[in-house]
Each structure stands twice: as C-alpha cells, then as structure tokens.
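Notes follow once the structure below has been shown.
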Amino acid sequence: MKKTLMALMCGLVMAGPLQAEEVKSAPVDLAKQVEGKLVSAFGPRLKVREVAPVASGQMLEVTLIDGTVMHMTPDTNNFIYRDELYQLSATGPVNITQARLNPKRADKLAAVADKDTVFFQAQGEQKALINVFTDIDCGYCQKLHQEIPRLNELGVSVRYLAYPRAGIKSPQTGLLTQSYQKINYVWCQDDRKQAMTSMKTNQRELSLLGRRMSPSAPEATQEQFRAIQAQMGSMLADSKDCGAPIAAQYALGGELGVTGTPAIITQDGQLFPGYMPADDLAARLGIN
C-alpha cells in the first residue's frame with residue numbers, strides 16, 4: 001500500500017501528458033483498496049467515494065459516500081475519525097485514543113465514593129459494576145433507568161454520577177439551570193434511589209404528555225399534564241443546596257471524555273456512550 005501511494009504521489013508531481021491516464025486511474029485503485037480495508041472491519045454497507053493523499057503523502061483523506069470524512073495512514077492500518085485514533089485489527093477497529101484513556105478513567109472513578117453516587121446494588125453476587133453519567137431530562141437516560149432492575153438481576157451494580165446536560169449555570173442569566181436543579185434534588189434526598197426513579201418517571205411522563213398537548217387535547221390529558229407539572233415544580237422548589245457534588249461530577253465527566261448522556265463507564269475505564277438494553281450491556285460486560 002505504501003508503494004502504491006508513493007507511486008501515486010510521484011505520478012502527481014512528475015507525470016507529463018503521456019502519464020495522464022495512469023495518474024487518473026491510481027486514485028480509483030487506491031479508493032478500492034481503502035474501501036476493502038474498511039469493509040472488512042465495518043461491513044459491506046460502508047462505501048468510499050474518494051481517497052486523496054494529503055500532507056505530502058503522509059495521510060490519506062477518505063470521503064465516504066455519505067460525505068463523512070476521515071483520515072487514514074498510508075498503510076491503511078490506522079485512521080482518525082472525530083479526533084480519535086483507531087487501529088484496524090484482524091478482530092475489528094480498536095479505538096486507540098479511548099484505550100489510552102481507560103486506565104485514567106478507571107482510577108478517577110475508583111476515587112469517587114459510593115456515598116457520593118446514587119447506587120443501585122446488584123442482586124446476589126456482583127458480576128460487574130458500571131458508572132453512569134446521567135441527566136434527568138435525557139430521554140435515553142430515562143429509558144436506561146427502566147433497565148436498572150434487569151441489570152441488577154443480571155448481577156450488574158449501577159453507580160449514577162451527575163451530568164446535567166445544560167450545565168450548572170446558564171451563561172445568559174447566571175442562574176442555576178433546571179437540569180442542575182432537578183439532579184441536585186435527587187442527590188439531596190435521604191432516599192436517592194427513590195428520588196431518582198420519581199424524578200425520571202415524572203419527567204418521562206411530562207415529555208410524553210407534552211407531545212399530546214394541544215387546545216383540543218382531552219381534558220383528562222391536560223389535567224394529568226398539569227398535575228405532573230405541579231409535582232415537578234414542587235420538587236424543584238425543594239431543590240436546596242445540600243453540598244451535593246454535582247458540579248464536581250459534571251467537571252469529572254468532561255475530563256473523562258463524556259460529551260452526552262447516558263455515558264456508561266466500566267470498572268476498567270471503557271466508555272460506552274449512549275443507551276443500551278440491559279441484556280446487550282451485560283453481554284458487553286462479559287456476563288452470559
């Protein structure tokens with residue numbers, strides 16, 4: 001592959017009119033080789049539109065059929081996508097950037113005491129433990145929370161850490177965001193587990209009802225919406241400062257590479273961004 005790329009680069013620089021046809025065909029051949037390498041790792045749905053040598057031939061700029069752009073090493077064994085380095089191995093792509101972060105994440109999260117989290121203990125023998133950076137408003141966080149009983153049943157303990165997606169304070173007003181107030185309410189209750197379940201359940205119901213609200217919505221729907229809205233308002237009114245580590249955990253999430261919720265991090269520091277059904281997650285954790 002290196003020889004092909006070098007020949008291509010030399011051809012682009014040195015070729016005269018008699019070599020024009022050879023220079024034209026080389027990128028097509030290169031694109032086919034790159035596509036073959038990526039398809040072997042990601043499957044046949046991946047298609048390459050164009051491959052262009054850049055940085056004096058030290059990198060390949062790969063444009064996929066959907067417009068996605070990634071950069072690849074000339075030997076086609078490594079590529080950069082969304083600022084992260086991957087290696088194409090015989091068993092599939094390996095995120096080198098994340099692998100280097102795993103030990104750091106594991107050490108940082110091991111230093112967070114259970115008492116500073118919302119902890120859902122596994123039933124019976126604990127087979128795995130996950131740390132989940134969560135937010136109350138996040139629909140997939142609410143969905144993942146519904147999987148907690150099944151995760152606990154499978155032997156997975158869950159430690160929630162706070163990650164209010166809107167941040168701590170609004171940059172416009174300087175006031176605490178509702179995201180912060182909602183999750184702070186949970187951490188400041190004596191029974192955090194029940195508070196987490198209540199808050200996420202209410203927020204999910206409020207979101208679902210909100211989509212059905214209109215001037216012509218049934219009165220029963222409007223009353224239910226107003227009742228839950230009032231309950232949430234009352235809960236937020238009780239969201240007093242109790243010294244909860246919300247800001248510290250939000251900052252920790254950013255330090256560990258969390259950019260959205262839910263963000264699941266295993267004991268050894270692997271990051272699984274996004275929602276995953278309980279049984280699928282257990283399988284990823286090596287639990288049969």
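Every chain in the structure tokens takes a letter, A first, then B, and so on in the order presented; its residues are numbered from 1, and the ligands are numbered from 1 following the presented order.
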
Considering only C-alpha atoms, give me a table of residues in stretch 153-180 of chain A that are at most 9 Å from stretch 258-266 of chain A, with the closest atom pair and distance in Å for each, as a Markdown table.
```
| residue | atom | partner | partner_atom | distance |
| --- | --- | --- | --- | --- |
| A:Tyr163 | CA | A:Thr261 | CA | 7.5 |
| A:Pro164 | CA | A:Thr261 | CA | 8.8 |
| A:Arg165 | CA | A:Gly260 | CA | 7.1 |
```

Inset, instruction - For A:Arg159, work out the shell of residues within 6 Å, counting only C-alpha atoms and skipping chain neighbours fewer than 3 positions away, then give it as a list of chain:residue names. - result: A:Thr117, A:Val118, A:Phe119, A:Asn131

Legend entry - Residue contacts of stretch 245-252 of chain A (8 Å, only C-alpha atoms) excluding same-chain residues fewer than 6 positions away, as number ranges by chain: A: 116, 161-164, 167-168, 180, 183-184

Inset, instruction - Tell me which protein, DNA and RNA residues are within 8 Å of A:Leu236, counting only C-alpha atoms, leaving out same-chain ones fewer than 5 positions away, and put them as a PyMOL selection string. - result: chain A and resi 181-182+185

Take the residues from that selection and write them out as an mmCIF file, in the first residue's frame, keeping all heavy atoms.
```cif
data_model
loop_
_atom_site.group_PDB
_atom_site.id
_atom_site.type_symbol
_atom_site.label_atom_id
_atom_site.label_comp_id
_atom_site.auth_asym_id
_atom_site.auth_seq_id
_atom_site.Cartn_x
_atom_site.Cartn_y
_atom_site.Cartn_z
ATOM 1 N N GLN A 181 -30.906 21.823 38.844
ATOM 2 C CA GLN A 181 -31.859 21.795 39.959
ATOM 3 C C GLN A 181 -32.524 20.424 40.096
ATOM 4 O O GLN A 181 -32.710 19.924 41.213
ATOM 5 C CB GLN A 181 -32.922 22.872 39.769
ATOM 6 C CG GLN A 181 -32.390 24.297 39.892
ATOM 7 C CD GLN A 181 -33.468 25.319 39.629
ATOM 8 O OE1 GLN A 181 -34.494 25.353 40.313
ATOM 9 N NE2 GLN A 181 -33.264 26.162 38.625
ATOM 10 N N LYS A 182 -32.859 19.816 38.962
ATOM 11 C CA LYS A 182 -33.526 18.512 39.003
ATOM 12 C C LYS A 182 -32.617 17.433 39.572
ATOM 13 O O LYS A 182 -33.023 16.643 40.427
ATOM 14 C CB LYS A 182 -33.996 18.119 37.599
ATOM 15 C CG LYS A 182 -35.153 18.947 37.082
ATOM 16 C CD LYS A 182 -35.457 18.634 35.621
ATOM 17 C CE LYS A 182 -36.547 19.549 35.076
ATOM 18 N NZ LYS A 182 -36.807 19.307 33.641
ATOM 19 N N TYR A 185 -31.818 17.953 43.270
ATOM 20 C CA TYR A 185 -32.909 17.489 44.120
ATOM 21 C C TYR A 185 -32.706 16.019 44.491
ATOM 22 O O TYR A 185 -32.865 15.628 45.648
ATOM 23 C CB TYR A 185 -34.249 17.661 43.410
ATOM 24 C CG TYR A 185 -35.403 16.963 44.093
ATOM 25 C CD1 TYR A 185 -36.081 17.570 45.156
ATOM 26 C CD2 TYR A 185 -35.786 15.682 43.709
ATOM 27 C CE1 TYR A 185 -37.117 16.923 45.805
ATOM 28 C CE2 TYR A 185 -36.828 15.021 44.348
ATOM 29 C CZ TYR A 185 -37.488 15.634 45.390
ATOM 30 O OH TYR A 185 -38.513 14.983 46.037
#
```

Inset, instruction - Can you pull out every residue within 10 Å of A:Cys138, counting only C-alpha atoms, but drop anything in the same chain fewer than 2 positions away, and send it as a PyMOL selection string? - result: chain A and resi 134-136+140-144+164-165+179+200+203-204+260-262

Legend entry - Which residue of A:Ala106, A:Ile148, A:Leu176, A:Leu206 approaches A:Asp279 most closely, using only C-alpha atoms: A:Ile148

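Nearest residue to A:Gly243 among A:Ala110, A:Leu64, A:Cys188, A:Leu101 is A:Cys188, counting only C-alpha atoms.
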
Inset, instruction - Enter the distance from atom CA of A:Val62 to atom CA of A:Thr97, in Å, rounded to one decimal. - result: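 The value is 19.5 Å.
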